[in-house]
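Novice: What follows is structure_38.cif, mmCIF, C-alpha atoms, pLDDT in the B column; chains and numbers go by the auth columns.
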```cif
data_structure
loop_
_atom_site.group_PDB
_atom_site.id
_atom_site.type_symbol
_atom_site.label_atom_id
_atom_site.label_comp_id
_atom_site.label_asym_id
_atom_site.label_seq_id
_atom_site.Cartn_x
_atom_site.Cartn_y
_atom_site.Cartn_z
_atom_site.B_iso_or_equiv
_atom_site.auth_seq_id
_atom_site.auth_asym_id
ATOM 1 C CA PHE A 1 0.000 0.000 0.000 41.00 1 A
ATOM 2 C CA ALA A 2 1.128 3.549 -0.595 49.00 2 A
ATOM 3 C CA GLU A 3 2.093 5.564 2.455 60.00 3 A
ATOM 4 C CA THR A 4 0.264 8.816 3.013 64.00 4 A
ATOM 5 C CA GLN A 5 2.248 12.033 3.453 62.00 5 A
ATOM 6 C CA GLU A 6 1.581 11.930 7.203 68.00 6 A
ATOM 7 C CA GLU A 7 2.734 8.291 7.518 70.00 7 A
ATOM 8 C CA ARG A 8 5.965 9.067 5.674 70.00 8 A
ATOM 9 C CA MET A 9 6.836 11.732 8.245 76.00 9 A
ATOM 10 C CA TRP A 10 7.128 9.164 11.066 85.00 10 A
ATOM 11 C CA LEU A 11 10.655 7.789 11.340 89.00 11 A
ATOM 12 C CA GLN A 12 11.237 4.100 10.891 87.00 12 A
ATOM 13 C CA LYS A 13 14.207 2.073 12.052 90.00 13 A
ATOM 14 C CA ASN A 14 17.151 2.403 9.610 90.00 14 A
ATOM 15 C CA ASP A 15 15.864 5.581 8.001 92.00 15 A
ATOM 16 C CA VAL A 16 18.826 7.671 6.855 90.00 16 A
ATOM 17 C CA LEU A 17 18.505 11.339 7.795 90.00 17 A
ATOM 18 C CA LEU A 18 20.057 14.391 6.158 87.00 18 A
ATOM 19 C CA ASN A 19 19.821 17.815 7.769 86.00 19 A
ATOM 20 C CA THR A 20 18.812 20.457 5.240 84.00 20 A
ATOM 21 C CA LEU A 21 18.969 23.667 7.276 80.00 21 A
ATOM 22 C CA GLY A 22 21.552 25.688 9.196 75.00 22 A
ATOM 23 C CA SER A 23 25.076 26.865 8.519 68.00 23 A
ATOM 24 C CA GLY A 24 26.823 24.648 11.056 70.00 24 A
ATOM 25 C CA THR A 25 24.803 21.471 10.648 77.00 25 A
ATOM 26 C CA ILE A 26 23.568 21.385 7.074 79.00 26 A
ATOM 27 C CA GLY A 27 24.710 18.249 5.292 80.00 27 A
ATOM 28 C CA ARG A 28 25.080 16.221 8.493 86.00 28 A
ATOM 29 C CA SER A 29 23.543 12.800 8.321 88.00 29 A
ATOM 30 C CA GLY A 30 22.720 9.871 10.535 89.00 30 A
ATOM 31 C CA ILE A 31 20.790 6.622 10.728 91.00 31 A
ATOM 32 C CA TYR A 32 17.769 6.323 12.985 91.00 32 A
ATOM 33 C CA LYS A 33 18.354 3.168 15.032 90.00 33 A
ATOM 34 C CA GLY A 34 15.602 3.662 17.593 86.00 34 A
ATOM 35 C CA ASN A 35 12.206 2.066 17.956 85.00 35 A
ATOM 36 C CA GLU A 36 10.320 5.081 19.323 86.00 36 A
ATOM 37 C CA ARG A 37 7.822 6.805 17.090 82.00 37 A
ATOM 38 C CA LEU A 38 9.342 10.134 16.160 85.00 38 A
ATOM 39 C CA LEU A 39 7.867 12.658 13.790 85.00 39 A
ATOM 40 C CA THR A 40 10.183 14.518 11.394 80.00 40 A
ATOM 41 C CA ASP A 41 9.908 18.123 10.382 75.00 41 A
ATOM 42 C CA GLY A 42 10.517 19.858 7.095 74.00 42 A
ATOM 43 C CA HIS A 43 14.234 20.281 7.753 81.00 43 A
ATOM 44 C CA LEU A 44 15.243 16.677 7.219 84.00 44 A
ATOM 45 C CA PHE A 45 15.435 14.528 4.157 86.00 45 A
ATOM 46 C CA VAL A 46 14.534 10.977 5.091 86.00 46 A
ATOM 47 C CA PHE A 47 15.912 8.179 2.928 87.00 47 A
ATOM 48 C CA ARG A 48 13.929 5.002 3.393 87.00 48 A
ATOM 49 C CA SER A 49 15.379 1.976 1.681 81.00 49 A
ATOM 50 C CA ASN A 50 13.371 0.401 -1.094 82.00 50 A
ATOM 51 C CA GLU A 51 15.563 -2.712 -0.941 83.00 51 A
ATOM 52 C CA CYS A 52 17.826 -1.586 -3.784 88.00 52 A
ATOM 53 C CA TYR A 53 20.115 0.412 -1.506 90.00 53 A
ATOM 54 C CA LEU A 54 21.413 -0.437 1.971 93.00 54 A
ATOM 55 C CA PRO A 55 20.772 2.279 4.570 93.00 55 A
ATOM 56 C CA ASP A 56 24.349 2.051 5.889 94.00 56 A
ATOM 57 C CA LEU A 57 25.752 2.598 2.416 93.00 57 A
ATOM 58 C CA MET A 58 23.478 5.626 1.869 91.00 58 A
ATOM 59 C CA TYR A 59 24.676 7.034 5.192 92.00 59 A
ATOM 60 C CA TYR A 60 28.340 6.544 4.251 94.00 60 A
ATOM 61 C CA TYR A 61 27.676 8.054 0.825 90.00 61 A
ATOM 62 C CA LEU A 62 26.165 11.152 2.440 89.00 62 A
ATOM 63 C CA CYS A 63 29.108 11.431 4.857 89.00 63 A
ATOM 64 C CA ALA A 64 31.587 11.144 1.987 90.00 64 A
ATOM 65 C CA ASN A 65 29.784 13.871 0.051 85.00 65 A
ATOM 66 C CA GLU A 66 28.997 16.283 2.884 83.00 66 A
ATOM 67 C CA GLU A 67 31.053 19.103 1.358 82.00 67 A
ATOM 68 C CA LYS A 68 29.303 18.767 -2.021 81.00 68 A
ATOM 69 C CA ILE A 69 25.956 18.758 -0.255 79.00 69 A
ATOM 70 C CA ILE A 70 26.829 21.915 1.683 75.00 70 A
ATOM 71 C CA ASN A 71 28.056 23.631 -1.487 75.00 71 A
ATOM 72 C CA SER A 72 24.784 22.886 -3.271 74.00 72 A
ATOM 73 C CA ALA A 73 22.733 24.608 -0.561 70.00 73 A
ATOM 74 C CA ASN A 74 21.038 27.941 -1.176 72.00 74 A
ATOM 75 C CA GLY A 75 20.593 30.919 1.099 66.00 75 A
ATOM 76 C CA SER A 76 22.745 33.297 3.050 58.00 76 A
ATOM 77 C CA THR A 77 25.859 32.401 4.973 56.00 77 A
ATOM 78 C CA ASN A 78 23.852 32.594 8.202 65.00 78 A
ATOM 79 C CA GLN A 79 21.006 30.305 7.156 72.00 79 A
ATOM 80 C CA LYS A 80 21.654 27.906 4.309 74.00 80 A
ATOM 81 C CA PHE A 81 18.933 25.582 3.055 76.00 81 A
ATOM 82 C CA LEU A 82 19.231 22.468 0.912 78.00 82 A
ATOM 83 C CA SER A 83 16.264 22.181 -1.413 77.00 83 A
ATOM 84 C CA LEU A 84 14.922 18.902 -2.711 79.00 84 A
ATOM 85 C CA SER A 85 15.338 20.148 -6.284 78.00 85 A
ATOM 86 C CA ALA A 86 19.033 20.920 -5.662 75.00 86 A
ATOM 87 C CA PHE A 87 19.658 17.547 -4.048 79.00 87 A
ATOM 88 C CA SER A 88 17.550 15.377 -6.341 80.00 88 A
ATOM 89 C CA THR A 89 20.112 15.605 -9.143 80.00 89 A
ATOM 90 C CA PHE A 90 22.959 14.155 -7.074 80.00 90 A
ATOM 91 C CA PRO A 91 24.269 11.041 -8.811 83.00 91 A
ATOM 92 C CA ILE A 92 24.446 8.092 -6.449 87.00 92 A
ATOM 93 C CA PRO A 93 26.338 4.929 -7.457 89.00 93 A
ATOM 94 C CA VAL A 94 24.216 1.795 -7.051 91.00 94 A
ATOM 95 C CA PRO A 95 26.262 -1.414 -6.950 93.00 95 A
ATOM 96 C CA PRO A 96 24.486 -4.758 -6.542 94.00 96 A
ATOM 97 C CA ILE A 97 23.248 -5.435 -2.987 94.00 97 A
ATOM 98 C CA ALA A 98 25.942 -8.055 -2.314 95.00 98 A
ATOM 99 C CA GLU A 99 28.630 -5.550 -3.315 96.00 99 A
ATOM 100 C CA GLN A 100 26.978 -2.862 -1.195 95.00 100 A
ATOM 101 C CA GLN A 101 27.197 -5.179 1.794 96.00 101 A
ATOM 102 C CA ARG A 102 30.881 -5.891 1.075 97.00 102 A
ATOM 103 C CA ILE A 103 31.543 -2.145 0.871 96.00 103 A
ATOM 104 C CA VAL A 104 29.724 -1.486 4.163 96.00 104 A
ATOM 105 C CA ASP A 105 31.548 -4.378 5.858 97.00 105 A
ATOM 106 C CA ARG A 106 34.912 -3.096 4.629 97.00 106 A
ATOM 107 C CA ILE A 107 34.168 0.489 5.709 96.00 107 A
ATOM 108 C CA GLU A 108 33.128 -0.689 9.169 96.00 108 A
ATOM 109 C CA TYR A 109 36.198 -2.928 9.470 97.00 109 A
ATOM 110 C CA LEU A 110 38.507 -0.052 8.523 97.00 110 A
ATOM 111 C CA PHE A 111 36.661 2.371 10.823 95.00 111 A
ATOM 112 C CA ALA A 112 37.086 -0.123 13.685 96.00 112 A
ATOM 113 C CA LYS A 113 40.830 -0.228 12.934 97.00 113 A
ATOM 114 C CA LEU A 114 40.908 3.595 12.917 96.00 114 A
ATOM 115 C CA ASP A 115 39.081 3.697 16.251 95.00 115 A
ATOM 116 C CA GLU A 116 41.599 1.224 17.665 96.00 116 A
ATOM 117 C CA ALA A 117 44.521 3.327 16.379 96.00 117 A
ATOM 118 C CA LYS A 118 42.913 6.491 17.783 95.00 118 A
ATOM 119 C CA GLU A 119 42.505 4.802 21.163 94.00 119 A
ATOM 120 C CA LYS A 120 46.175 3.766 21.173 93.00 120 A
ATOM 121 C CA ALA A 121 47.296 7.236 20.083 93.00 121 A
ATOM 122 C CA GLN A 122 45.148 8.798 22.813 92.00 122 A
ATOM 123 C CA SER A 123 46.700 6.457 25.358 90.00 123 A
ATOM 124 C CA VAL A 124 50.159 7.624 24.279 88.00 124 A
ATOM 125 C CA LEU A 125 49.063 11.264 24.458 88.00 125 A
ATOM 126 C CA ASP A 126 47.519 10.711 27.871 86.00 126 A
ATOM 127 C CA SER A 127 50.787 9.298 29.198 88.00 127 A
ATOM 128 C CA PHE A 128 52.906 12.015 27.525 87.00 128 A
ATOM 129 C CA GLU A 129 52.898 14.495 30.419 85.00 129 A
ATOM 130 C CA THR A 130 53.591 11.737 32.949 88.00 130 A
ATOM 131 C CA ARG A 131 56.523 10.447 30.904 88.00 131 A
ATOM 132 C CA LYS A 132 57.838 13.955 30.346 89.00 132 A
ATOM 133 C CA ALA A 133 57.719 14.656 34.079 90.00 133 A
ATOM 134 C CA ALA A 134 59.498 11.359 34.797 91.00 134 A
ATOM 135 C CA ILE A 135 62.297 12.201 32.348 92.00 135 A
ATOM 136 C CA LEU A 136 62.747 15.646 33.881 93.00 136 A
ATOM 137 C CA HIS A 137 62.811 14.142 37.371 90.00 137 A
ATOM 138 C CA LYS A 138 65.484 11.656 36.289 92.00 138 A
ATOM 139 C CA ALA A 139 67.482 14.451 34.646 91.00 139 A
ATOM 140 C CA PHE A 140 67.711 16.524 37.823 89.00 140 A
ATOM 141 C CA THR A 141 68.276 13.649 40.249 89.00 141 A
ATOM 142 C CA GLY A 142 71.206 12.280 38.242 89.00 142 A
ATOM 143 C CA GLU A 143 69.407 9.077 37.265 91.00 143 A
ATOM 144 C CA LEU A 144 69.253 10.047 33.580 91.00 144 A
ATOM 145 C CA THR A 145 73.054 10.153 33.223 91.00 145 A
ATOM 146 C CA ALA A 146 73.952 7.558 35.883 90.00 146 A
ATOM 147 C CA LYS A 147 75.262 5.030 33.327 92.00 147 A
ATOM 148 C CA TRP A 148 77.397 7.651 31.561 91.00 148 A
ATOM 149 C CA ARG A 149 78.857 8.824 34.906 89.00 149 A
ATOM 150 C CA ALA A 150 79.631 5.219 35.859 90.00 150 A
ATOM 151 C CA GLU A 151 81.435 4.666 32.526 92.00 151 A
ATOM 152 C CA GLN A 152 83.395 7.900 33.014 90.00 152 A
ATOM 153 C CA GLY A 153 84.224 7.220 36.643 89.00 153 A
ATOM 154 C CA GLU A 154 82.246 10.276 37.724 88.00 154 A
ATOM 155 C CA THR A 155 80.043 10.540 40.798 87.00 155 A
ATOM 156 C CA MET A 156 77.270 12.797 41.942 87.00 156 A
ATOM 157 C CA ASP A 157 79.855 14.533 44.129 86.00 157 A
ATOM 158 C CA SER A 158 80.666 16.832 41.205 84.00 158 A
ATOM 159 C CA TRP A 159 77.128 18.214 41.311 84.00 159 A
ATOM 160 C CA LYS A 160 76.676 21.392 43.321 86.00 160 A
ATOM 161 C CA GLN A 161 73.624 22.844 45.009 86.00 161 A
ATOM 162 C CA MET A 162 73.244 26.571 44.412 86.00 162 A
ATOM 163 C CA SER A 163 70.474 29.084 44.964 87.00 163 A
ATOM 164 C CA VAL A 164 68.599 30.707 42.135 87.00 164 A
ATOM 165 C CA GLU A 165 69.895 34.025 43.390 86.00 165 A
ATOM 166 C CA SER A 166 73.530 32.972 42.873 86.00 166 A
ATOM 167 C CA LEU A 167 72.835 31.599 39.380 85.00 167 A
ATOM 168 C CA CYS A 168 70.930 34.501 37.864 84.00 168 A
#
```
Taking this structure as input, can you express it in the form of structure tokens?
Specialist:
Amino acid sequence: FAETQEERMWLQKNDVLLNTLGSGTIGRSGIYKGNERLLTDGHLFVFRSNECYLPDLMYYYLCANEEKIINSANGSTNQKFLSLSAFSTFPIPVPPIAEQQRIVDRIEYLFAKLDEAKEKAQSVLDSFETRKAAILHKAFTGELTAKWRAEQGETMDSWKQMSVESLC
């Protein structure tokens, strides 16, 4: 049966959403994963799969083309608006469903690897200040050059304690 205009405005699970209004958020997209009944407004394009295109692939396509979408919007710099007529001419590649699924699987695999790399990089960044402080502590307690002093026959006795006032 054909959906009425009112029925089409209720979100369904896996609907792909594209924001069509606003300078900072126009072109942003997402996938509705909820089960609650939510009503859309006129500022969203809703892409509902007709079984020839996977929702995840449509979402990734929109993400990959966000800049083009933004550039096709009309209006002032303060309030841009993406019209249906401007967007309806966007060419969208349509591989066979099996290939779409392979593409989505590969994207998600690579994104998972990126997330893992980001997590590791963040861990290194988080420990940076601690490591830096430890190196500085070792430098000024003699621990950093202890091996060199031992090889040279030097001791910490050659180190002096002086006041800041006497140094500068």
Novice: Find the residues around A:Thr20 up to 12 Å (only C-alpha atoms counted), leave out those fewer than 3 positions away in its own chain, and share them as a PyMOL selection string.
Specialist: chain A and resi 17+23-29+41-46+66+69-75+79-84+86-87
Novice: For the structure shown, which residues end up in the PyMOL selection byres ((chain A and resi 104) around 12)? Put them as a list in words, please?
Specialist: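 After applying the PyMOL selection byres ((chain A and resi 104) around 12), what remains is Tyr53, Leu54, Pro55, Asp56, Leu57, Met58, Tyr59, Tyr60, Tyr61, Pro95, Ile97, Ala98, Glu99, Gln100, Gln101, Arg102, Ile103, Asp105, Arg106, Ile107, Glu108, Tyr109, Leu110 and Phe111 of chain A.
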Novice: Go ahead and compute the interatomic distance for atom CA of A:Ala117 and atom CA of A:Leu136, in Å to one decimal.
Specialist: 28.1 Å
Novice: Excluding A:Met156 and its own-chain neighbours fewer than 4 positions away, which residues fall within 9 Å of it when counting all atoms listed in the file? Please give them as a VMD selection string.
Specialist: chain A and resid 142 146 149 160
Novice: Please, what distance in Å, to one decimal, runs between atom CA of A:Lys68 and atom CA of A:Ser49?
Specialist: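 Atom-to-atom, atom CA of A:Lys68 and atom CA of A:Ser49 are spaced 22.1 Å apart.
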Novice: Could you spell out the hits of the PyMOL selection byres ((chain A and resi 15) around 6) on the shown file, as an MDAnalysis selection string?
Specialist: chainID A and resid 12:14 16 31:32 47:48
Novice: Which distance in Å separates atom CA of A:Thr40 and atom CA of A:Met9, to one decimal?
Specialist: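 Distance between the two atoms: 5.4 Å.
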Novice: To box stretch 143-151 of chain A, take all atoms listed in the file, fit an axis-aligned box, add 3 Å on each side, and give centre and edge lengths in Å to one decimal, as JSON.
Specialist:
```
{"center_x": 75.3, "center_y": 7.4, "center_z": 34.4, "size_x": 18.2, "size_y": 11.5, "size_z": 11.7}
```
Novice: Could I see stretch 62-76 of chain A restored to N, CA and C atoms, set down as a tab-separated table (two decimals), in the frame of the given file?
Specialist:
```tsv
chain	number	residue	atom	x	y	z
A	62	LEU	N	26.45	9.78	2.03
A	62	LEU	CA	26.16	11.15	2.44
A	62	LEU	C	27.34	11.74	3.22
A	63	CYS	N	27.93	10.96	4.10
A	63	CYS	CA	29.11	11.43	4.86
A	63	CYS	C	30.25	11.78	3.91
A	64	ALA	N	30.48	10.93	2.92
A	64	ALA	CA	31.59	11.14	1.99
A	64	ALA	C	31.36	12.37	1.10
A	65	ASN	N	30.11	12.76	0.95
A	65	ASN	CA	29.78	13.87	0.05
A	65	ASN	C	29.25	15.09	0.79
A	66	GLU	N	29.53	15.18	2.07
A	66	GLU	CA	29.00	16.28	2.88
A	66	GLU	C	29.39	17.66	2.32
A	67	GLU	N	30.62	17.81	1.89
A	67	GLU	CA	31.05	19.10	1.36
A	67	GLU	C	30.29	19.47	0.09
A	68	LYS	N	30.09	18.51	-0.81
A	68	LYS	CA	29.30	18.77	-2.02
A	68	LYS	C	27.87	19.15	-1.67
A	69	ILE	N	27.32	18.47	-0.68
A	69	ILE	CA	25.96	18.76	-0.26
A	69	ILE	C	25.87	20.18	0.28
A	70	ILE	N	26.81	20.56	1.12
A	70	ILE	CA	26.83	21.92	1.68
A	70	ILE	C	26.96	22.95	0.57
A	71	ASN	N	27.84	22.69	-0.39
A	71	ASN	CA	28.06	23.63	-1.49
A	71	ASN	C	26.85	23.77	-2.40
A	72	SER	N	25.97	22.80	-2.41
A	72	SER	CA	24.78	22.89	-3.27
A	72	SER	C	23.62	23.59	-2.58
A	73	ALA	N	23.80	23.95	-1.31
A	73	ALA	CA	22.73	24.61	-0.56
A	73	ALA	C	22.57	26.06	-1.01
A	74	ASN	N	21.37	26.55	-0.85
A	74	ASN	CA	21.04	27.94	-1.18
A	74	ASN	C	20.91	28.74	0.10
A	75	GLY	N	20.85	30.06	-0.05
A	75	GLY	CA	20.59	30.92	1.10
A	75	GLY	C	21.82	31.71	1.49
A	76	SER	N	21.66	32.44	2.57
A	76	SER	CA	22.74	33.30	3.05
A	76	SER	C	23.76	32.47	3.83
```
